[in-house]
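Here is the file my_file-v1.txt (compact mmCIF, N, CA and C atoms).
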```
# COMPACT_ATOMS: atom_id res chain seq x y z
N MET A 236 -24.10 -15.04 -12.85
CA MET A 236 -23.21 -15.68 -11.91
C MET A 236 -22.74 -14.64 -10.90
N LYS A 237 -22.82 -14.96 -9.61
CA LYS A 237 -22.45 -14.05 -8.53
C LYS A 237 -20.94 -14.02 -8.35
N GLU A 238 -20.37 -12.80 -8.24
CA GLU A 238 -18.94 -12.64 -8.00
C GLU A 238 -18.67 -12.71 -6.50
N ASP A 239 -17.57 -13.34 -6.13
CA ASP A 239 -17.12 -13.39 -4.75
C ASP A 239 -16.23 -12.17 -4.51
N ILE A 240 -16.71 -11.17 -3.73
CA ILE A 240 -15.97 -9.94 -3.50
C ILE A 240 -15.59 -9.84 -2.03
N VAL A 241 -14.29 -9.66 -1.76
CA VAL A 241 -13.79 -9.52 -0.41
C VAL A 241 -12.95 -8.26 -0.34
N LYS A 242 -13.26 -7.37 0.60
CA LYS A 242 -12.48 -6.14 0.76
C LYS A 242 -11.20 -6.46 1.50
N VAL A 243 -10.04 -6.12 0.92
CA VAL A 243 -8.74 -6.36 1.53
C VAL A 243 -8.35 -5.16 2.37
N ASP A 244 -8.41 -3.98 1.82
CA ASP A 244 -8.24 -2.73 2.56
C ASP A 244 -8.98 -1.64 1.81
N SER A 245 -8.73 -0.37 2.11
CA SER A 245 -9.55 0.71 1.57
C SER A 245 -9.56 0.82 0.05
N ASP A 246 -8.49 0.43 -0.61
CA ASP A 246 -8.46 0.58 -2.06
C ASP A 246 -8.13 -0.71 -2.81
N ILE A 247 -8.10 -1.82 -2.10
CA ILE A 247 -7.80 -3.10 -2.74
C ILE A 247 -8.87 -4.11 -2.35
N ILE A 248 -9.42 -4.80 -3.33
CA ILE A 248 -10.41 -5.83 -3.08
C ILE A 248 -10.06 -7.09 -3.84
N LYS A 249 -10.69 -8.20 -3.45
CA LYS A 249 -10.53 -9.46 -4.19
C LYS A 249 -11.85 -9.75 -4.88
N VAL A 250 -11.79 -10.03 -6.15
CA VAL A 250 -12.97 -10.41 -6.92
C VAL A 250 -12.70 -11.76 -7.54
N ASP A 251 -13.48 -12.76 -7.15
CA ASP A 251 -13.30 -14.12 -7.65
C ASP A 251 -11.86 -14.59 -7.53
N GLY A 252 -11.20 -14.24 -6.43
CA GLY A 252 -9.83 -14.70 -6.19
C GLY A 252 -8.74 -13.83 -6.77
N ASP A 253 -9.10 -12.90 -7.66
CA ASP A 253 -8.10 -11.99 -8.23
C ASP A 253 -8.05 -10.72 -7.41
N ILE A 254 -6.85 -10.21 -7.14
CA ILE A 254 -6.71 -8.96 -6.41
C ILE A 254 -6.84 -7.82 -7.40
N VAL A 255 -7.74 -6.88 -7.08
CA VAL A 255 -7.98 -5.74 -7.97
C VAL A 255 -8.04 -4.47 -7.14
N THR A 256 -7.90 -3.33 -7.79
CA THR A 256 -8.08 -2.05 -7.12
C THR A 256 -9.57 -1.73 -7.10
N THR A 257 -9.95 -0.74 -6.32
CA THR A 257 -11.37 -0.36 -6.28
C THR A 257 -11.84 0.18 -7.62
N GLU A 258 -10.89 0.55 -8.48
CA GLU A 258 -11.26 0.99 -9.83
C GLU A 258 -11.46 -0.20 -10.77
N GLY A 259 -11.27 -1.42 -10.26
CA GLY A 259 -11.50 -2.61 -11.06
C GLY A 259 -10.29 -3.10 -11.83
N GLU A 260 -9.13 -2.47 -11.63
CA GLU A 260 -7.93 -2.90 -12.34
C GLU A 260 -7.29 -4.07 -11.61
N GLU A 261 -7.00 -5.14 -12.33
CA GLU A 261 -6.36 -6.29 -11.70
C GLU A 261 -4.91 -5.97 -11.37
N ILE A 262 -4.48 -6.40 -10.19
CA ILE A 262 -3.10 -6.18 -9.78
C ILE A 262 -2.26 -7.27 -10.43
N GLU A 263 -1.33 -6.87 -11.24
CA GLU A 263 -0.53 -7.81 -12.01
C GLU A 263 0.77 -8.17 -11.31
N GLU A 264 1.38 -9.23 -11.78
CA GLU A 264 2.70 -9.64 -11.27
C GLU A 264 3.66 -8.47 -11.43
N GLY A 265 4.46 -8.23 -10.42
CA GLY A 265 5.38 -7.11 -10.47
C GLY A 265 4.79 -5.84 -9.91
N SER A 266 3.54 -5.92 -9.44
CA SER A 266 2.92 -4.73 -8.87
C SER A 266 3.50 -4.43 -7.50
N LEU A 267 3.00 -3.40 -6.88
CA LEU A 267 3.50 -3.00 -5.57
C LEU A 267 2.72 -3.63 -4.43
N ILE A 268 1.91 -4.61 -4.73
CA ILE A 268 1.24 -5.42 -3.71
C ILE A 268 1.81 -6.84 -3.85
N ILE A 269 2.37 -7.35 -2.76
CA ILE A 269 2.94 -8.69 -2.77
C ILE A 269 2.04 -9.58 -1.93
N LYS A 270 1.45 -10.56 -2.55
CA LYS A 270 0.62 -11.52 -1.83
C LYS A 270 1.54 -12.62 -1.29
N LEU A 271 1.48 -12.85 0.01
CA LEU A 271 2.34 -13.86 0.63
C LEU A 271 1.67 -15.22 0.61
N LYS A 272 2.43 -16.25 0.26
CA LYS A 272 1.90 -17.62 0.26
C LYS A 272 1.73 -18.13 1.69
N VAL A 273 2.63 -17.69 2.58
CA VAL A 273 2.57 -18.05 3.99
C VAL A 273 2.40 -16.76 4.78
N PRO A 274 1.35 -16.63 5.60
CA PRO A 274 1.15 -15.40 6.37
C PRO A 274 2.36 -15.09 7.25
N TYR A 275 2.63 -13.81 7.40
CA TYR A 275 3.75 -13.31 8.19
C TYR A 275 3.19 -12.67 9.45
N LYS A 276 3.70 -13.06 10.59
CA LYS A 276 3.24 -12.52 11.86
C LYS A 276 4.27 -11.54 12.42
N TYR A 277 3.77 -10.37 12.82
CA TYR A 277 4.63 -9.35 13.41
C TYR A 277 3.84 -8.65 14.50
N GLU A 278 4.39 -8.68 15.70
CA GLU A 278 3.77 -8.05 16.87
C GLU A 278 2.30 -8.41 17.02
N GLY A 279 2.02 -9.70 16.90
CA GLY A 279 0.67 -10.21 17.13
C GLY A 279 -0.31 -10.03 15.99
N LYS A 280 0.11 -9.42 14.90
CA LYS A 280 -0.78 -9.24 13.75
C LYS A 280 -0.28 -10.09 12.59
N GLU A 281 -1.21 -10.68 11.85
CA GLU A 281 -0.87 -11.53 10.72
C GLU A 281 -1.06 -10.76 9.41
N TYR A 282 -0.05 -10.85 8.55
CA TYR A 282 -0.07 -10.16 7.26
C TYR A 282 -0.09 -11.19 6.15
N THR A 283 -1.02 -11.04 5.21
CA THR A 283 -1.11 -11.94 4.07
C THR A 283 -0.64 -11.26 2.78
N LYS A 284 -0.39 -9.96 2.88
CA LYS A 284 0.12 -9.22 1.73
C LYS A 284 1.01 -8.10 2.24
N LEU A 285 1.92 -7.66 1.39
CA LEU A 285 2.80 -6.54 1.70
C LEU A 285 2.47 -5.42 0.73
N ASP A 286 2.18 -4.27 1.26
CA ASP A 286 1.77 -3.13 0.44
C ASP A 286 2.96 -2.19 0.27
N LEU A 287 3.48 -2.12 -0.95
CA LEU A 287 4.61 -1.26 -1.27
C LEU A 287 4.18 -0.02 -2.04
N THR A 288 2.89 0.25 -2.07
CA THR A 288 2.39 1.37 -2.88
C THR A 288 2.91 2.72 -2.42
N GLY A 289 3.41 2.81 -1.19
CA GLY A 289 4.01 4.05 -0.71
C GLY A 289 5.22 4.46 -1.53
N LEU A 290 5.81 3.52 -2.26
CA LEU A 290 6.96 3.85 -3.11
C LEU A 290 6.60 4.90 -4.16
N GLU A 291 5.33 4.96 -4.51
CA GLU A 291 4.89 5.95 -5.51
C GLU A 291 5.15 7.38 -5.04
N ASN A 292 5.28 7.56 -3.72
CA ASN A 292 5.48 8.90 -3.15
C ASN A 292 6.93 9.19 -2.78
N VAL A 293 7.83 8.25 -3.05
CA VAL A 293 9.24 8.42 -2.71
C VAL A 293 9.85 9.50 -3.61
N LYS A 294 10.70 10.30 -3.01
CA LYS A 294 11.42 11.35 -3.74
C LYS A 294 12.91 11.01 -3.75
N ALA A 295 13.64 11.67 -4.62
CA ALA A 295 15.09 11.46 -4.69
C ALA A 295 15.73 11.75 -3.33
N ALA A 296 15.19 12.70 -2.60
CA ALA A 296 15.72 13.03 -1.26
C ALA A 296 15.64 11.83 -0.32
N ASP A 297 14.58 11.03 -0.45
CA ASP A 297 14.45 9.82 0.37
C ASP A 297 15.55 8.82 0.02
N MET A 298 15.82 8.69 -1.26
CA MET A 298 16.86 7.76 -1.71
C MET A 298 18.23 8.23 -1.20
N ILE A 299 18.46 9.51 -1.24
CA ILE A 299 19.73 10.06 -0.76
C ILE A 299 19.86 9.83 0.74
N ALA A 300 18.78 10.03 1.48
CA ALA A 300 18.81 9.82 2.93
C ALA A 300 19.12 8.36 3.27
N VAL A 301 18.52 7.44 2.53
CA VAL A 301 18.79 6.01 2.75
C VAL A 301 20.25 5.71 2.44
N SER A 302 20.75 6.24 1.34
CA SER A 302 22.14 6.02 0.96
C SER A 302 23.10 6.55 2.02
N ARG A 303 22.81 7.74 2.54
CA ARG A 303 23.67 8.32 3.58
C ARG A 303 23.63 7.48 4.85
N GLN A 304 22.44 6.99 5.21
CA GLN A 304 22.33 6.14 6.39
C GLN A 304 23.14 4.86 6.20
N MET A 305 23.07 4.29 5.02
CA MET A 305 23.83 3.07 4.74
C MET A 305 25.33 3.34 4.82
N ASN A 306 25.76 4.49 4.30
CA ASN A 306 27.18 4.85 4.38
C ASN A 306 27.62 4.99 5.84
N ARG A 307 26.80 5.62 6.66
CA ARG A 307 27.13 5.76 8.08
C ARG A 307 27.21 4.40 8.77
N ASN A 308 26.41 3.44 8.29
CA ASN A 308 26.41 2.10 8.86
C ASN A 308 27.52 1.23 8.29
N GLY A 309 28.32 1.77 7.38
CA GLY A 309 29.45 1.03 6.83
C GLY A 309 29.17 0.30 5.53
N ASN A 310 27.99 0.45 4.97
CA ASN A 310 27.67 -0.20 3.70
C ASN A 310 28.10 0.73 2.57
N ILE A 311 29.14 0.34 1.86
CA ILE A 311 29.67 1.17 0.78
C ILE A 311 29.57 0.46 -0.57
N ASP A 312 28.51 -0.34 -0.73
CA ASP A 312 28.29 -1.03 -2.00
C ASP A 312 28.24 -0.04 -3.15
N PHE A 313 28.80 -0.43 -4.28
CA PHE A 313 28.85 0.43 -5.46
C PHE A 313 27.44 0.76 -5.96
N LEU A 314 26.57 -0.24 -5.99
CA LEU A 314 25.19 -0.05 -6.42
C LEU A 314 24.27 -0.29 -5.22
N GLN A 315 24.21 0.65 -4.31
CA GLN A 315 23.43 0.46 -3.10
C GLN A 315 21.96 0.17 -3.39
N GLU A 316 21.43 0.77 -4.43
CA GLU A 316 20.01 0.57 -4.74
C GLU A 316 19.69 -0.87 -5.14
N MET A 317 20.69 -1.66 -5.37
CA MET A 317 20.48 -3.07 -5.73
C MET A 317 20.57 -3.99 -4.51
N THR A 318 20.79 -3.43 -3.33
CA THR A 318 20.96 -4.27 -2.14
C THR A 318 19.63 -4.44 -1.40
N LEU A 319 19.57 -5.53 -0.66
CA LEU A 319 18.40 -5.79 0.17
C LEU A 319 18.24 -4.70 1.23
N GLU A 320 19.34 -4.28 1.84
CA GLU A 320 19.29 -3.26 2.87
C GLU A 320 18.67 -1.96 2.35
N PHE A 321 19.09 -1.51 1.19
CA PHE A 321 18.55 -0.29 0.60
C PHE A 321 17.05 -0.44 0.37
N SER A 322 16.65 -1.56 -0.22
CA SER A 322 15.24 -1.79 -0.52
C SER A 322 14.39 -1.75 0.73
N LEU A 323 14.83 -2.43 1.77
CA LEU A 323 14.04 -2.49 3.00
C LEU A 323 13.97 -1.12 3.68
N GLN A 324 15.08 -0.39 3.67
CA GLN A 324 15.06 0.94 4.27
C GLN A 324 14.15 1.90 3.49
N LEU A 325 14.19 1.81 2.17
CA LEU A 325 13.35 2.68 1.35
C LEU A 325 11.87 2.36 1.56
N VAL A 326 11.55 1.08 1.61
CA VAL A 326 10.16 0.68 1.85
C VAL A 326 9.71 1.14 3.23
N ALA A 327 10.58 1.01 4.22
CA ALA A 327 10.22 1.45 5.57
C ALA A 327 9.93 2.95 5.60
N ARG A 328 10.72 3.72 4.86
CA ARG A 328 10.49 5.18 4.79
C ARG A 328 9.17 5.50 4.11
N SER A 329 8.73 4.64 3.21
CA SER A 329 7.54 4.93 2.41
C SER A 329 6.27 4.27 2.96
N SER A 330 6.40 3.52 4.05
CA SER A 330 5.22 2.84 4.60
C SER A 330 4.99 3.30 6.04
N GLU A 331 3.89 2.85 6.60
CA GLU A 331 3.57 3.16 8.00
C GLU A 331 4.20 2.15 8.95
N LEU A 332 4.85 1.14 8.41
CA LEU A 332 5.45 0.09 9.23
C LEU A 332 6.92 0.39 9.48
N PRO A 333 7.42 0.03 10.67
CA PRO A 333 8.82 0.34 11.01
C PRO A 333 9.81 -0.54 10.26
N LEU A 334 11.05 -0.11 10.23
CA LEU A 334 12.11 -0.88 9.58
C LEU A 334 12.19 -2.30 10.14
N GLU A 335 11.98 -2.45 11.45
CA GLU A 335 12.04 -3.78 12.08
C GLU A 335 11.04 -4.75 11.47
N PHE A 336 9.86 -4.25 11.08
CA PHE A 336 8.87 -5.10 10.41
C PHE A 336 9.48 -5.71 9.15
N TRP A 337 10.10 -4.86 8.35
CA TRP A 337 10.65 -5.30 7.07
C TRP A 337 11.88 -6.18 7.27
N GLU A 338 12.69 -5.89 8.29
CA GLU A 338 13.90 -6.67 8.54
C GLU A 338 13.60 -8.06 9.09
N GLN A 339 12.42 -8.25 9.66
CA GLN A 339 12.05 -9.55 10.22
C GLN A 339 11.31 -10.45 9.21
N LEU A 340 11.15 -9.99 7.98
CA LEU A 340 10.49 -10.80 6.96
C LEU A 340 11.26 -12.09 6.73
N PRO A 341 10.57 -13.17 6.39
CA PRO A 341 11.29 -14.39 6.01
C PRO A 341 12.06 -14.13 4.71
N PRO A 342 13.11 -14.89 4.47
CA PRO A 342 13.96 -14.63 3.30
C PRO A 342 13.22 -14.55 1.96
N TYR A 343 12.28 -15.45 1.71
CA TYR A 343 11.59 -15.42 0.41
C TYR A 343 10.82 -14.11 0.25
N ALA A 344 10.19 -13.63 1.32
CA ALA A 344 9.41 -12.39 1.24
C ALA A 344 10.34 -11.18 1.11
N ALA A 345 11.46 -11.21 1.83
CA ALA A 345 12.42 -10.10 1.75
C ALA A 345 12.96 -9.97 0.33
N MET A 346 13.23 -11.09 -0.32
CA MET A 346 13.75 -11.05 -1.69
C MET A 346 12.67 -10.60 -2.67
N MET A 347 11.42 -10.94 -2.39
CA MET A 347 10.33 -10.44 -3.25
C MET A 347 10.24 -8.92 -3.13
N VAL A 348 10.38 -8.40 -1.91
CA VAL A 348 10.37 -6.95 -1.71
C VAL A 348 11.53 -6.32 -2.45
N LYS A 349 12.72 -6.87 -2.29
CA LYS A 349 13.90 -6.32 -2.96
C LYS A 349 13.69 -6.27 -4.47
N ASN A 350 13.20 -7.36 -5.04
CA ASN A 350 13.00 -7.41 -6.49
C ASN A 350 11.95 -6.41 -6.96
N ARG A 351 10.88 -6.23 -6.19
CA ARG A 351 9.84 -5.27 -6.57
C ARG A 351 10.37 -3.84 -6.46
N VAL A 352 11.14 -3.55 -5.40
CA VAL A 352 11.69 -2.20 -5.25
C VAL A 352 12.68 -1.91 -6.38
N THR A 353 13.55 -2.85 -6.66
CA THR A 353 14.51 -2.65 -7.74
C THR A 353 13.80 -2.45 -9.07
N GLY A 354 12.80 -3.28 -9.33
CA GLY A 354 12.01 -3.13 -10.56
C GLY A 354 11.33 -1.77 -10.62
N PHE A 355 10.79 -1.34 -9.49
CA PHE A 355 10.13 -0.04 -9.43
C PHE A 355 11.12 1.10 -9.73
N LEU A 356 12.30 1.03 -9.13
CA LEU A 356 13.30 2.08 -9.32
C LEU A 356 13.82 2.16 -10.75
N TYR A 357 13.91 1.02 -11.41
CA TYR A 357 14.51 1.00 -12.75
C TYR A 357 13.48 0.96 -13.88
N ARG A 358 12.21 0.99 -13.53
CA ARG A 358 11.20 0.99 -14.62
C ARG A 358 11.28 2.32 -15.36
N GLN A 359 10.82 2.30 -16.57
CA GLN A 359 10.82 3.52 -17.37
C GLN A 359 9.38 3.93 -17.63
N GLY A 360 9.13 5.21 -17.48
CA GLY A 360 7.80 5.72 -17.77
C GLY A 360 6.95 5.93 -16.58
```
Take the structure in this file and express it as structure tokens.
Amino acid sequence: MKEDIVKVDSDIIKVDGDIVTTEGEEIEEGSLIIKLKVPYKYEGKEYTKLDLTGLENVKAADMIAVSRQMNRNGNIDFLQEMTLEFSLQLVARSSELPLEFWEQLPPYAAMMVKNRVTGFLYRQG
């Protein structure tokens, strides 16, 4: 039986409808790739997935910088890392896309990003 293989980007492909890495590992729920049910358009380009894999390279210094920026902007939440603003700023720092891209996401997609970032920050191991 022939597999249906579609290249999504340099290290992510679709095999028979499942999103996998080039190493053949299936991307599971809660991963750093968010597949959007409704495509998102930004500056003339359509996005069907959000790639948060840049979070793997985030350092504590990045988190501190985001926290300081939020403080300067007047956000003094007790648990800043649990806020949508923190998540979007951290993702923007870790991706090639500007903060405006992330801030213009529809609400359902923004909350998916927030939940994945929070899960990533609090995972163990």
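Take CA of Gly289 (chain A) and CA of Pro342 (chain A): the distance between them is 21.5 Å.
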Which of these residues is nearest to Ile269 (chain A), using all atoms listed in the file: A:Met347, A:Leu356, A:Leu290, A:Met305? A:Met347
What lies within 12 Å of Leu287 (chain A) using only C-alpha atoms, ignoring chain neighbours under 5 positions off, as an MDAnalysis selection string? chainID A and resid 265:270 292:293 322:323 325:332 337 347:353 355
So, counting only C-alpha atoms, which residue among A:Tyr277, A:Phe313, A:Phe321, A:Tyr282 is closest to Ile299 (chain A)? A:Phe321
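Reported to one decimal place, the separation of atom N of Leu271 (chain A) from atom C of Glu316 (chain A) is 22.4 Å.
Nearest-residue note for Met317 (chain A): choosing from A:Thr283, A:Glu335, A:Ala295, A:Gly354, the minimum distance belongs to A:Gly354, counting only C-alpha atoms.
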